[in-house]
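Chemist: One file is attached below, query12.cif, containing mmCIF, C-alpha atoms.
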```cif
data_run
loop_
_atom_site.group_PDB
_atom_site.id
_atom_site.type_symbol
_atom_site.label_atom_id
_atom_site.label_comp_id
_atom_site.auth_asym_id
_atom_site.auth_seq_id
_atom_site.Cartn_x
_atom_site.Cartn_y
_atom_site.Cartn_z
ATOM 1 C CA MET A 5 -5.129 -61.641 35.788
ATOM 2 C CA SER A 6 -2.752 -59.693 33.593
ATOM 3 C CA ARG A 7 0.177 -61.568 32.094
ATOM 4 C CA TYR A 8 2.256 -58.379 31.868
ATOM 5 C CA SER A 9 5.202 -58.033 34.157
ATOM 6 C CA GLU A 10 4.771 -54.242 34.202
ATOM 7 C CA LYS A 11 1.941 -52.902 36.369
ATOM 8 C CA PRO A 12 0.033 -49.580 36.043
ATOM 9 C CA ILE A 13 1.631 -46.817 38.073
ATOM 10 C CA SER A 14 -0.017 -45.840 41.332
ATOM 11 C CA LEU A 15 -1.411 -42.311 41.429
ATOM 12 C CA GLU A 16 -1.225 -42.106 45.214
ATOM 13 C CA GLY A 17 0.791 -39.072 46.212
ATOM 14 C CA LEU A 18 0.099 -37.093 43.009
ATOM 15 C CA LYS A 19 0.093 -33.409 43.924
ATOM 16 C CA THR A 20 -2.921 -31.273 42.919
ATOM 17 C CA ILE A 21 -3.490 -27.526 43.027
ATOM 18 C CA PRO A 22 -6.642 -25.387 43.377
ATOM 19 C CA ILE A 23 -8.134 -24.391 40.012
ATOM 20 C CA GLY A 24 -8.032 -20.758 41.087
ATOM 21 C CA GLU A 25 -4.284 -20.994 41.560
ATOM 22 C CA ARG A 26 -3.871 -22.841 38.282
ATOM 23 C CA GLY A 27 -5.731 -20.234 36.228
ATOM 24 C CA GLY A 28 -7.049 -20.696 32.691
ATOM 25 C CA LYS A 29 -6.544 -19.237 29.232
ATOM 26 C CA VAL A 30 -10.296 -19.301 28.526
ATOM 27 C CA ARG A 31 -12.479 -17.231 30.813
ATOM 28 C CA VAL A 32 -16.197 -16.615 30.790
ATOM 29 C CA GLU A 33 -15.699 -12.887 30.187
ATOM 30 C CA ASP A 34 -14.124 -13.818 26.835
ATOM 31 C CA PHE A 35 -17.166 -15.782 25.651
ATOM 32 C CA ALA A 36 -19.237 -14.761 22.648
ATOM 33 C CA HIS A 37 -22.427 -12.812 23.241
ATOM 34 C CA PRO A 38 -25.645 -13.704 21.428
ATOM 35 C CA TYR A 39 -26.229 -11.403 18.482
ATOM 36 C CA ARG A 40 -29.306 -9.202 18.819
ATOM 37 C CA LYS A 41 -31.474 -8.560 15.787
ATOM 38 C CA GLY A 42 -30.765 -5.224 14.147
ATOM 39 C CA GLY A 43 -27.436 -4.722 15.885
ATOM 40 C CA GLY A 44 -25.405 -4.243 12.724
ATOM 41 C CA ILE A 45 -21.881 -5.229 11.811
ATOM 42 C CA ASN A 46 -20.242 -3.480 14.772
ATOM 43 C CA ALA A 47 -22.509 -5.265 17.215
ATOM 44 C CA TRP A 48 -21.757 -8.550 15.455
ATOM 45 C CA LEU A 49 -18.031 -7.890 15.730
ATOM 46 C CA GLU A 50 -18.328 -7.123 19.425
ATOM 47 C CA SER A 51 -20.398 -10.268 19.933
ATOM 48 C CA LEU A 52 -17.537 -12.520 18.823
ATOM 49 C CA PRO A 53 -15.540 -14.372 21.470
ATOM 50 C CA ARG A 54 -12.259 -12.777 22.491
ATOM 51 C CA ILE A 55 -10.519 -16.023 21.698
ATOM 52 C CA LEU A 56 -8.228 -17.260 18.886
ATOM 53 C CA ALA A 57 -9.217 -16.165 15.354
ATOM 54 C CA ALA A 58 -11.921 -13.774 16.550
ATOM 55 C CA GLY A 59 -9.308 -11.898 18.539
ATOM 56 C CA SER A 60 -6.997 -11.886 15.532
ATOM 57 C CA PHE A 61 -9.774 -10.545 13.291
ATOM 58 C CA ARG A 62 -10.372 -7.643 15.684
ATOM 59 C CA ALA A 63 -6.631 -6.994 15.909
ATOM 60 C CA VAL A 64 -6.360 -6.777 12.115
ATOM 61 C CA ILE A 65 -9.198 -4.241 11.988
ATOM 62 C CA ASP A 66 -7.539 -2.196 14.745
ATOM 63 C CA ALA A 67 -4.194 -2.276 12.917
ATOM 64 C CA MET A 68 -5.828 -1.163 9.667
ATOM 65 C CA ARG A 69 -7.622 1.662 11.441
ATOM 66 C CA ARG A 70 -4.367 2.881 12.961
ATOM 67 C CA ALA A 71 -2.636 2.652 9.570
ATOM 68 C CA ARG A 72 -5.367 4.666 7.878
ATOM 69 C CA ASP A 73 -5.462 7.295 10.606
ATOM 70 C CA GLY A 74 -1.666 7.477 10.680
ATOM 71 C CA LYS A 75 -1.386 7.684 6.889
ATOM 72 C CA ARG A 76 0.708 4.532 6.705
ATOM 73 C CA ALA A 77 0.644 2.019 3.847
ATOM 74 C CA LEU A 78 -2.325 -0.335 3.433
ATOM 75 C CA LEU A 79 -1.234 -2.809 0.768
ATOM 76 C CA TRP A 80 -3.471 -5.608 -0.504
ATOM 77 C CA GLY A 81 -1.714 -8.580 -2.096
ATOM 78 C CA ILE A 82 -4.268 -10.609 -4.033
ATOM 79 C CA GLY A 83 -4.222 -13.911 -5.862
ATOM 80 C CA GLY A 84 -6.425 -14.936 -8.758
ATOM 81 C CA HIS A 85 -9.211 -16.448 -6.682
ATOM 82 C CA VAL A 86 -9.909 -13.125 -5.002
ATOM 83 C CA VAL A 87 -11.020 -11.766 -8.384
ATOM 84 C CA LYS A 88 -12.764 -15.011 -9.354
ATOM 85 C CA CYS A 89 -14.792 -14.867 -6.146
ATOM 86 C CA GLY A 90 -16.296 -11.575 -7.341
ATOM 87 C CA LEU A 91 -14.650 -9.274 -4.794
ATOM 88 C CA ALA A 92 -13.383 -6.467 -7.040
ATOM 89 C CA ASP A 93 -16.301 -4.146 -6.282
ATOM 90 C CA VAL A 94 -15.763 -4.658 -2.551
ATOM 91 C CA LEU A 95 -12.061 -3.803 -2.834
ATOM 92 C CA LEU A 96 -12.712 -0.799 -5.067
ATOM 93 C CA ASN A 97 -15.164 0.556 -2.516
ATOM 94 C CA LEU A 98 -12.532 0.171 0.204
ATOM 95 C CA MET A 99 -10.083 2.017 -2.038
ATOM 96 C CA ALA A 100 -12.572 4.861 -2.424
ATOM 97 C CA HIS A 101 -12.874 5.103 1.363
ATOM 98 C CA GLY A 102 -9.129 5.272 1.941
ATOM 99 C CA TRP A 103 -8.487 1.691 3.041
ATOM 100 C CA VAL A 104 -6.115 0.905 0.139
ATOM 101 C CA THR A 105 -2.837 2.601 -0.778
ATOM 102 C CA GLY A 106 -1.820 -0.046 -3.319
ATOM 103 C CA PHE A 107 -2.747 -3.396 -4.858
ATOM 104 C CA VAL A 108 -0.174 -6.144 -5.352
ATOM 105 C CA MET A 109 -1.214 -8.847 -7.843
ATOM 106 C CA ASN A 110 0.162 -12.092 -9.096
ATOM 107 C CA GLY A 111 -0.245 -12.834 -12.796
ATOM 108 C CA ALA A 112 -3.470 -14.783 -12.330
ATOM 109 C CA ALA A 113 -5.200 -11.903 -10.573
ATOM 110 C CA SER A 114 -4.246 -9.515 -13.371
ATOM 111 C CA ILE A 115 -5.518 -11.900 -16.066
ATOM 112 C CA HIS A 116 -8.893 -12.498 -14.436
ATOM 113 C CA ASP A 117 -9.340 -8.804 -13.740
ATOM 114 C CA PHE A 118 -8.335 -7.827 -17.280
ATOM 115 C CA GLU A 119 -10.845 -10.306 -18.736
ATOM 116 C CA ILE A 120 -13.610 -8.931 -16.524
ATOM 117 C CA ALA A 121 -12.918 -5.460 -17.930
ATOM 118 C CA ILE A 122 -12.980 -6.492 -21.589
ATOM 119 C CA ALA A 123 -15.577 -9.288 -21.548
ATOM 120 C CA GLY A 124 -17.446 -9.328 -18.246
ATOM 121 C CA GLN A 125 -16.409 -12.950 -17.665
ATOM 122 C CA THR A 126 -13.364 -15.017 -16.739
ATOM 123 C CA SER A 127 -12.188 -18.420 -15.443
ATOM 124 C CA GLU A 128 -12.432 -20.962 -18.236
ATOM 125 C CA ASP A 129 -13.328 -24.631 -17.718
ATOM 126 C CA VAL A 130 -9.794 -26.043 -17.739
ATOM 127 C CA GLU A 131 -10.791 -29.708 -17.825
ATOM 128 C CA ALA A 132 -12.993 -29.123 -20.857
ATOM 129 C CA VAL A 133 -10.366 -27.361 -22.980
ATOM 130 C CA LEU A 134 -7.046 -28.812 -21.820
ATOM 131 C CA PRO A 135 -7.294 -32.103 -23.794
ATOM 132 C CA ASP A 136 -7.239 -30.350 -27.181
ATOM 133 C CA GLY A 137 -4.876 -27.539 -26.167
ATOM 134 C CA ARG A 138 -7.359 -24.688 -26.068
ATOM 135 C CA PHE A 139 -6.586 -23.871 -22.429
ATOM 136 C CA GLY A 140 -5.236 -20.341 -22.169
ATOM 137 C CA ALA A 141 -5.727 -19.631 -25.863
ATOM 138 C CA ALA A 142 -8.202 -16.733 -25.597
ATOM 139 C CA GLU A 143 -7.192 -14.386 -28.404
ATOM 140 C CA GLU A 144 -8.261 -11.064 -26.911
ATOM 141 C CA THR A 145 -6.683 -11.763 -23.531
ATOM 142 C CA GLY A 146 -3.317 -12.756 -24.940
ATOM 143 C CA ARG A 147 -3.218 -10.110 -27.635
ATOM 144 C CA GLU A 148 -4.337 -7.148 -25.560
ATOM 145 C CA MET A 149 -2.371 -7.944 -22.399
ATOM 146 C CA ASN A 150 0.823 -8.454 -24.389
ATOM 147 C CA LEU A 151 0.216 -5.270 -26.355
ATOM 148 C CA ALA A 152 -0.259 -3.401 -23.080
ATOM 149 C CA ILE A 153 2.938 -4.859 -21.659
ATOM 150 C CA SER A 154 4.955 -4.026 -24.780
ATOM 151 C CA GLU A 155 3.635 -0.460 -24.786
ATOM 152 C CA GLY A 156 4.344 -0.218 -21.079
ATOM 153 C CA SER A 157 7.926 -1.326 -21.597
ATOM 154 C CA ARG A 158 8.324 1.331 -24.278
ATOM 155 C CA ASP A 159 6.868 4.017 -21.992
ATOM 156 C CA SER A 160 8.830 2.931 -18.886
ATOM 157 C CA LEU A 161 5.727 1.728 -17.025
ATOM 158 C CA GLY A 162 5.329 -1.190 -14.710
ATOM 159 C CA MET A 163 3.041 -4.045 -15.724
ATOM 160 C CA GLY A 164 0.166 -3.019 -13.448
ATOM 161 C CA GLU A 165 0.074 0.551 -14.694
ATOM 162 C CA ALA A 166 0.469 -0.580 -18.309
ATOM 163 C CA LEU A 167 -2.525 -2.924 -18.055
ATOM 164 C CA GLY A 168 -4.629 -0.202 -16.442
ATOM 165 C CA GLN A 169 -3.632 2.267 -19.137
ATOM 166 C CA ARG A 170 -4.614 -0.154 -21.903
ATOM 167 C CA LEU A 171 -7.991 -0.785 -20.302
ATOM 168 C CA GLN A 172 -8.811 2.925 -20.487
ATOM 169 C CA THR A 173 -9.000 2.385 -24.240
ATOM 170 C CA ILE A 174 -10.428 -1.109 -24.679
ATOM 171 C CA ALA A 175 -12.506 -1.917 -21.577
ATOM 172 C CA LYS A 176 -16.225 -2.289 -22.158
ATOM 173 C CA PRO A 177 -18.067 0.545 -20.357
ATOM 174 C CA GLU A 178 -20.558 -1.853 -18.813
ATOM 175 C CA PHE A 179 -17.763 -3.943 -17.288
ATOM 176 C CA ALA A 180 -14.932 -1.474 -16.657
ATOM 177 C CA THR A 181 -16.130 -0.320 -13.260
ATOM 178 C CA HIS A 182 -15.799 -3.901 -11.970
ATOM 179 C CA SER A 183 -12.063 -4.000 -12.722
ATOM 180 C CA LEU A 184 -9.378 -3.316 -10.115
ATOM 181 C CA LEU A 185 -6.822 -2.494 -12.815
ATOM 182 C CA TYR A 186 -9.159 0.004 -14.449
ATOM 183 C CA GLY A 187 -10.438 1.603 -11.241
ATOM 184 C CA ALA A 188 -7.039 1.882 -9.593
ATOM 185 C CA TYR A 189 -5.527 3.419 -12.721
ATOM 186 C CA GLN A 190 -8.274 6.047 -12.807
ATOM 187 C CA ALA A 191 -7.638 6.857 -9.158
ATOM 188 C CA ALA A 192 -3.813 6.815 -9.597
ATOM 189 C CA VAL A 193 -3.561 4.118 -6.916
ATOM 190 C CA PRO A 194 -0.487 1.972 -7.643
ATOM 191 C CA VAL A 195 -0.948 -1.605 -8.838
ATOM 192 C CA THR A 196 2.047 -3.893 -9.127
ATOM 193 C CA VAL A 197 1.919 -7.212 -11.003
ATOM 194 C CA HIS A 198 4.441 -9.965 -10.308
ATOM 195 C CA VAL A 199 4.713 -12.866 -12.748
ATOM 196 C CA ALA A 200 6.838 -15.961 -13.156
ATOM 197 C CA VAL A 201 7.441 -16.548 -16.863
ATOM 198 C CA GLY A 202 5.396 -19.514 -18.052
ATOM 199 C CA THR A 203 2.864 -19.444 -15.222
ATOM 200 C CA ASP A 204 0.365 -17.241 -17.039
ATOM 201 C CA THR A 205 -1.627 -17.972 -20.173
ATOM 202 C CA PRO A 206 -0.669 -14.766 -22.067
ATOM 203 C CA HIS A 207 2.925 -16.021 -22.065
ATOM 204 C CA THR A 208 1.931 -18.650 -24.643
ATOM 205 C CA HIS A 209 0.411 -16.132 -27.059
ATOM 206 C CA PRO A 210 2.393 -15.358 -30.235
ATOM 207 C CA ALA A 211 2.458 -11.670 -29.244
ATOM 208 C CA ALA A 212 4.299 -12.367 -25.976
ATOM 209 C CA ASP A 213 7.465 -10.301 -25.660
ATOM 210 C CA ALA A 214 9.622 -11.945 -23.006
ATOM 211 C CA ALA A 215 11.876 -8.932 -22.624
ATOM 212 C CA ALA A 216 8.895 -6.611 -22.083
ATOM 213 C CA ILE A 217 7.313 -9.039 -19.599
ATOM 214 C CA GLY A 218 10.518 -9.216 -17.622
ATOM 215 C CA GLU A 219 11.177 -5.493 -17.722
ATOM 216 C CA THR A 220 7.682 -4.415 -16.661
ATOM 217 C CA THR A 221 7.297 -6.937 -13.841
ATOM 218 C CA HIS A 222 10.792 -6.069 -12.573
ATOM 219 C CA ARG A 223 9.846 -2.379 -12.611
ATOM 220 C CA ASP A 224 6.816 -3.340 -10.509
ATOM 221 C CA PHE A 225 9.077 -5.194 -8.077
ATOM 222 C CA ARG A 226 11.065 -2.006 -7.606
ATOM 223 C CA LEU A 227 7.842 -0.006 -7.229
ATOM 224 C CA LEU A 228 6.669 -2.495 -4.591
ATOM 225 C CA CYS A 229 9.879 -1.868 -2.672
ATOM 226 C CA THR A 230 9.045 1.845 -2.683
ATOM 227 C CA LEU A 231 5.513 1.142 -1.458
ATOM 228 C CA LEU A 232 6.781 -1.126 1.329
ATOM 229 C CA ARG A 233 8.706 1.747 2.864
ATOM 230 C CA GLY A 234 5.316 3.112 3.908
ATOM 231 C CA LEU A 235 4.755 0.085 6.143
ATOM 232 C CA ASP A 236 7.325 1.277 8.663
ATOM 233 C CA HIS A 237 5.802 1.979 12.073
ATOM 234 C CA GLY A 238 2.172 1.183 11.555
ATOM 235 C CA GLY A 239 1.449 -0.018 8.024
ATOM 236 C CA VAL A 240 -0.406 -3.201 7.059
ATOM 237 C CA TYR A 241 0.294 -5.758 4.334
ATOM 238 C CA LEU A 242 -2.404 -8.323 3.531
ATOM 239 C CA ASN A 243 -1.725 -11.456 1.486
ATOM 240 C CA ILE A 244 -5.020 -12.848 0.238
ATOM 241 C CA GLY A 245 -5.102 -16.073 -1.721
ATOM 242 C CA SER A 246 -1.527 -16.230 -3.058
ATOM 243 C CA ALA A 247 0.260 -19.331 -1.809
ATOM 244 C CA VAL A 248 3.624 -19.008 -3.568
ATOM 245 C CA VAL A 249 4.432 -16.062 -5.839
ATOM 246 C CA LEU A 250 3.410 -13.071 -3.721
ATOM 247 C CA PRO A 251 4.809 -14.416 -0.420
ATOM 248 C CA GLU A 252 8.152 -14.969 -2.146
ATOM 249 C CA VAL A 253 8.099 -11.546 -3.811
ATOM 250 C CA PHE A 254 7.073 -9.848 -0.568
ATOM 251 C CA LEU A 255 9.914 -11.332 1.481
ATOM 252 C CA LYS A 256 12.532 -10.378 -1.122
ATOM 253 C CA ALA A 257 11.119 -6.857 -1.267
ATOM 254 C CA VAL A 258 11.250 -6.554 2.536
ATOM 255 C CA SER A 259 14.896 -7.595 2.508
ATOM 256 C CA THR A 260 15.711 -5.214 -0.360
ATOM 257 C CA VAL A 261 14.129 -2.245 1.403
ATOM 258 C CA ARG A 262 16.103 -2.943 4.571
ATOM 259 C CA ASN A 263 19.315 -3.592 2.644
ATOM 260 C CA LEU A 264 19.030 -0.125 1.095
ATOM 261 C CA GLY A 265 18.979 1.432 4.553
ATOM 262 C CA ASN A 266 15.253 2.033 5.007
ATOM 263 C CA PRO A 267 13.701 1.270 8.382
ATOM 264 C CA LEU A 268 10.944 -1.332 8.171
ATOM 265 C CA THR A 269 9.742 -2.207 11.645
ATOM 266 C CA GLU A 270 6.581 -2.364 13.756
ATOM 267 C CA PHE A 271 4.111 -3.138 10.983
ATOM 268 C CA THR A 272 1.342 -5.726 10.631
ATOM 269 C CA THR A 273 1.050 -8.586 8.164
ATOM 270 C CA VAL A 274 -1.986 -10.777 7.551
ATOM 271 C CA ASN A 275 -2.575 -13.927 5.530
ATOM 272 C CA PHE A 276 -6.174 -14.613 4.546
ATOM 273 C CA ASP A 277 -6.811 -17.958 2.854
ATOM 274 C CA PHE A 278 -9.095 -20.966 3.057
ATOM 275 C CA LEU A 279 -5.989 -23.111 3.673
ATOM 276 C CA GLN A 280 -2.866 -21.930 5.470
ATOM 277 C CA HIS A 281 0.168 -22.780 3.344
ATOM 278 C CA TYR A 282 3.850 -22.885 4.251
ATOM 279 C CA ARG A 283 5.123 -19.844 2.348
ATOM 280 C CA PRO A 284 2.472 -17.344 3.456
ATOM 281 C CA ILE A 285 2.920 -18.424 7.068
ATOM 282 C CA VAL A 286 6.706 -18.101 7.113
ATOM 283 C CA ASN A 287 7.250 -15.338 4.520
ATOM 284 C CA VAL A 288 4.315 -13.088 5.410
ATOM 285 C CA VAL A 289 3.167 -13.887 8.938
ATOM 286 C CA GLU A 290 6.424 -14.822 10.699
ATOM 287 C CA ARG A 291 9.786 -13.921 9.125
ATOM 288 C CA PRO A 292 9.233 -10.199 8.414
ATOM 289 C CA HIS A 293 8.858 -9.549 12.160
ATOM 290 C CA THR A 294 12.013 -11.328 13.333
ATOM 291 C CA ARG A 295 13.852 -8.834 15.559
ATOM 292 C CA SER A 296 11.782 -6.083 13.931
ATOM 293 C CA GLY A 297 8.650 -5.877 16.053
ATOM 294 C CA GLY A 298 5.162 -5.819 14.670
ATOM 295 C CA ARG A 299 2.828 -8.763 14.412
ATOM 296 C CA GLY A 300 1.590 -11.277 11.853
ATOM 297 C CA TYR A 301 -1.831 -12.931 11.739
ATOM 298 C CA ALA A 302 -3.187 -15.959 9.876
ATOM 299 C CA ILE A 303 -6.960 -16.000 9.372
ATOM 300 C CA THR A 304 -8.537 -19.008 7.701
ATOM 301 C CA GLY A 305 -11.754 -18.833 5.707
ATOM 302 C CA HIS A 306 -13.234 -18.572 2.245
ATOM 303 C CA HIS A 307 -12.453 -15.303 0.482
ATOM 304 C CA GLU A 308 -16.072 -14.785 -0.560
ATOM 305 C CA LEU A 309 -17.038 -14.702 3.140
ATOM 306 C CA MET A 310 -14.036 -13.271 4.965
ATOM 307 C CA ILE A 311 -13.177 -10.321 2.729
ATOM 308 C CA PRO A 312 -16.729 -8.880 2.623
ATOM 309 C CA LEU A 313 -16.868 -9.292 6.421
ATOM 310 C CA LEU A 314 -13.568 -7.473 6.797
ATOM 311 C CA ALA A 315 -14.719 -4.763 4.394
ATOM 312 C CA ALA A 316 -18.019 -4.283 6.212
ATOM 313 C CA ALA A 317 -16.214 -3.922 9.534
ATOM 314 C CA LEU A 318 -13.813 -1.363 8.064
ATOM 315 C CA ILE A 319 -16.567 0.686 6.428
ATOM 316 C CA GLU A 320 -18.607 0.711 9.647
ATOM 317 C CA ASP A 321 -15.469 1.632 11.546
ATOM 318 C CA GLY A 322 -15.517 5.128 10.150
ATOM 319 C CA GLY A 323 -14.870 5.028 6.428
ATOM 320 C CA LYS A 324 -16.396 8.359 5.481
ATOM 321 C CA ARG A 325 -15.835 9.112 1.847
ATOM 322 C CA GLU A 326 -13.395 11.931 1.223
ATOM 323 C CA GLU A 327 -13.967 14.657 -1.354
ATOM 324 C CA GLY A 328 -12.445 13.711 -4.684
ATOM 325 C CA ASP A 329 -12.642 9.938 -4.240
ATOM 326 C CA ALA A 330 -12.853 8.144 -7.551
ATOM 327 C CA ARG A 331 -15.865 5.973 -6.808
ATOM 328 C CA PRO A 332 -19.152 6.311 -4.931
#
```
How would this structure read if it were set down as structure tokens?

Modeler:
Amino acid sequence: MSRYSEKPISLEGLKTIPIGERGGKVRVEDFAHPYRKGGGINAWLESLPRILAAGSFRAVIDAMRRARDGKRALLWGIGGHVVKCGLADVLLNLMAHGWVTGFVMNGAASIHDFEIAIAGQTSEDVEAVLPDGRFGAAEETGREMNLAISEGSRDSLGMGEALGQRLQTIAKPEFATHSLLYGAYQAAVPVTVHVAVGTDTPHTHPAADAAAIGETTHRDFRLLCTLLRGLDHGGVYLNIGSAVVLPEVFLKAVSTVRNLGNPLTEFTTVNFDFLQHYRPIVNVVERPHTRSGGRGYAITGHHELMIPLLAAALIEDGGKREEGDARP
């Protein structure tokens, strides 16, 4: 016999309702369909359940299709791991098919991409070189990126354009076509680079010119504001793999554009990452749409899987190459 003075409540008299009256958020018509051999990427996409992230993935593809057809902005914000996962060729192919109107990079993405263009390799073993101070000390990277930035400051260029311009001279032919900076510069597709001073290894090189770094990245911030105006009524901004810098830059740019009297409503934002962090969720997915319409999506997964899947779906969706595109 229980020693407790309190007794379990009686469930007699609890009111129930028929399940048909109650309804349900998950219905059999929303279930996934088995994939049939040879169906292709479109059949695979249609086979997904119409539930949660699968529904969001379809919605992102639909939003990007509408943006492309409506000639609205399709801006890809990318962090360093997107380049380190070997996705530049995938993104350049999307650019060639009209799925990119601009790239937005943090400093890490620009460094990795620049190194790919000049050396065909990137991403040093930090643990192996940090103890003796060799981390971030690559001579060519620091020298050439800082030279590009200084020349860009002199020529009134933003950092992204300055890096692309420099690569036209120094990139190795066998590696250049794998570089976003190089390929976008050739195609005259804008690239903006947004750095925090001290976060990037070229800032420690003796050739670093702090004034030039600040001037060129600030010019790119202002260029980003111009590009964001194209999001109004139907554009798409994707944040892929940047947890802090790009979400902060993006939100300030959104506010600046609106402050200057430009409408910025009814657009789509997406955060792709293998972990969903605070700043991308609030600054990219949620806050930009407050009282402004549109929709934000958060899709979780590894870049090396999710971005090729997204790209394949977009290409199958009708990405016929236009005459004059820069790449095959």

Chemist: For range 302-317 of chain A, list every protein, DNA or RNA residue within 10 Å, evaluated using only C-alpha atoms, and leave out those in the same chain fewer than 3 positions away; present the list as JSON, numbers by chain.

Modeler: {"A": [44, 45, 46, 48, 49, 56, 57, 58, 60, 61, 62, 64, 65, 85, 86, 87, 88, 89, 90, 91, 94, 95, 97, 98, 103, 242, 243, 244, 245, 273, 274, 275, 276, 277, 278, 279, 280, 284, 285, 288, 289, 290, 320, 321, 322, 323]}

Chemist: With a distance cut-off of 8 Å and all atoms listed in the file, select the neighbouring residues of Leu185 in chain A, excluding the residue or stretch itself and same-chain residues fewer than 4 positions from it, and output the selection as a VMD selection string.

Modeler: chain A and resid 114 117 to 118 164 to 165 167 to 168 171 189 195

Chemist: Calculated over only C-alpha atoms, which of the candidates A:Leu255, A:Gly17, A:Glu144, A:Gly81 has the smallest distance to Gly106 in chain A?

Modeler: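 Closest residue, counting only C-alpha atoms: A:Gly81.
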
Chemist: Quick check, in Å to one decimal: how far apart do CA of Gly146 in chain A and CA of Glu119 in chain A lie?

Modeler: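 CA of Gly146 in chain A sits 10.1 Å away from CA of Glu119 in chain A.
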
Chemist: Taking only C-alpha atoms into account, which of A:Ile82, A:Leu235, A:Val133, A:Ala67 comes nearest Thr196 in chain A?

Modeler: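 Residue with the minimum atom-to-atom distance to Thr196 in chain A: A:Ile82.
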
Chemist: Determine the residue set returned by the PyMOL selection byres ((chain A and resi 293) around 12) for the present structure, and present it as an MDAnalysis selection string.

Modeler: chainID A and resid 236:237 255 258:259 268:274 285:292 294:301

Chemist: Pull C-alpha atoms from the residues just selected and write them as an mmCIF file, in the coordinates of the input.

Modeler:
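Listed below is the output, part.cif:
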```
data_model
loop_
_atom_site.group_PDB
_atom_site.id
_atom_site.type_symbol
_atom_site.label_atom_id
_atom_site.label_comp_id
_atom_site.auth_asym_id
_atom_site.auth_seq_id
_atom_site.Cartn_x
_atom_site.Cartn_y
_atom_site.Cartn_z
ATOM 1 C CA ASP A 236 7.325 1.277 8.663
ATOM 2 C CA HIS A 237 5.802 1.979 12.073
ATOM 3 C CA LEU A 255 9.914 -11.332 1.481
ATOM 4 C CA VAL A 258 11.250 -6.554 2.536
ATOM 5 C CA SER A 259 14.896 -7.595 2.508
ATOM 6 C CA LEU A 268 10.944 -1.332 8.171
ATOM 7 C CA THR A 269 9.742 -2.207 11.645
ATOM 8 C CA GLU A 270 6.581 -2.364 13.756
ATOM 9 C CA PHE A 271 4.111 -3.138 10.983
ATOM 10 C CA THR A 272 1.342 -5.726 10.631
ATOM 11 C CA THR A 273 1.050 -8.586 8.164
ATOM 12 C CA VAL A 274 -1.986 -10.777 7.551
ATOM 13 C CA ILE A 285 2.920 -18.424 7.068
ATOM 14 C CA VAL A 286 6.706 -18.101 7.113
ATOM 15 C CA ASN A 287 7.250 -15.338 4.520
ATOM 16 C CA VAL A 288 4.315 -13.088 5.410
ATOM 17 C CA VAL A 289 3.167 -13.887 8.938
ATOM 18 C CA GLU A 290 6.424 -14.822 10.699
ATOM 19 C CA ARG A 291 9.786 -13.921 9.125
ATOM 20 C CA PRO A 292 9.233 -10.199 8.414
ATOM 21 C CA THR A 294 12.013 -11.328 13.333
ATOM 22 C CA ARG A 295 13.852 -8.834 15.559
ATOM 23 C CA SER A 296 11.782 -6.083 13.931
ATOM 24 C CA GLY A 297 8.650 -5.877 16.053
ATOM 25 C CA GLY A 298 5.162 -5.819 14.670
ATOM 26 C CA ARG A 299 2.828 -8.763 14.412
ATOM 27 C CA GLY A 300 1.590 -11.277 11.853
ATOM 28 C CA TYR A 301 -1.831 -12.931 11.739
#
```

Chemist: Report as a list in words the full result of the PyMOL selection byres ((chain A and resi 149) around 9) when it is applied to this structure.

Modeler: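 Expected selection for the PyMOL selection byres ((chain A and resi 149) around 9) here is Ile115, Phe118, Glu144, Thr145, Gly146, Arg147, Glu148, Asn150, Leu151, Ala152, Ile153, Ser154, Ala166, Leu167, Arg170, Pro206 and Ala212 of chain A.
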
Chemist: Neighbours of His182 in chain A within 9 Å (all atoms listed in the file; same-chain residues fewer than 2 positions away dropped), as number ranges by chain?

Modeler: A: 90, 92-93, 96, 117, 120-121, 124, 178-180, 184, 186-187

Chemist: One number please: CA of Met99 in chain A to CA of Leu232 in chain A, in Å, one decimal.

Modeler: 17.5 Å

Chemist: Go through A:Ala47, A:Ala123, A:Leu134, A:Ala141 one by one, measure the shortest atom-to-atom distance of each to Ala211 in chain A using all atoms listed in the file, and give the residue with the smallest value.

Modeler: A:Ala141

Chemist: Find the distance between CA of Ala100 in chain A and CA of Ala71 in chain A and write it in Å to one decimal.

Modeler: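 A separation of 15.7 Å between them.
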
Chemist: Residues at most 10 Å from Asp73 in chain A, counting all atoms listed in the file, excluding those fewer than 3 positions away in the same chain, as a PyMOL selection string?

Modeler: chain A and resi 67-70+76+102-103+238

Chemist: Would you save the residues from that selection as an mmCIF file, in the frame of the given file, using C-alpha atoms?

Modeler:
```cif
data_model
loop_
_atom_site.group_PDB
_atom_site.id
_atom_site.type_symbol
_atom_site.label_atom_id
_atom_site.label_comp_id
_atom_site.auth_asym_id
_atom_site.auth_seq_id
_atom_site.Cartn_x
_atom_site.Cartn_y
_atom_site.Cartn_z
ATOM 1 C CA ALA A 67 -4.194 -2.276 12.917
ATOM 2 C CA MET A 68 -5.828 -1.163 9.667
ATOM 3 C CA ARG A 69 -7.622 1.662 11.441
ATOM 4 C CA ARG A 70 -4.367 2.881 12.961
ATOM 5 C CA ARG A 76 0.708 4.532 6.705
ATOM 6 C CA GLY A 102 -9.129 5.272 1.941
ATOM 7 C CA TRP A 103 -8.487 1.691 3.041
ATOM 8 C CA GLY A 238 2.172 1.183 11.555
#
```

Chemist: Which protein, DNA or RNA residues are at most 12 Å from (0.3, -22.2, -19.9) in the file's coordinates when you count only C-alpha atoms, listed as a PyMOL selection string?

Modeler: chain A and resi 111-112+130+134+137-142+146+200-209

Chemist: When the PyMOL selection byres ((chain A and resi 220) around 7) is applied to the structure above, which residues does it catch, written out as a PyMOL selection string?

Modeler: chain A and resi 153+156-157+161-163+216-219+221-224
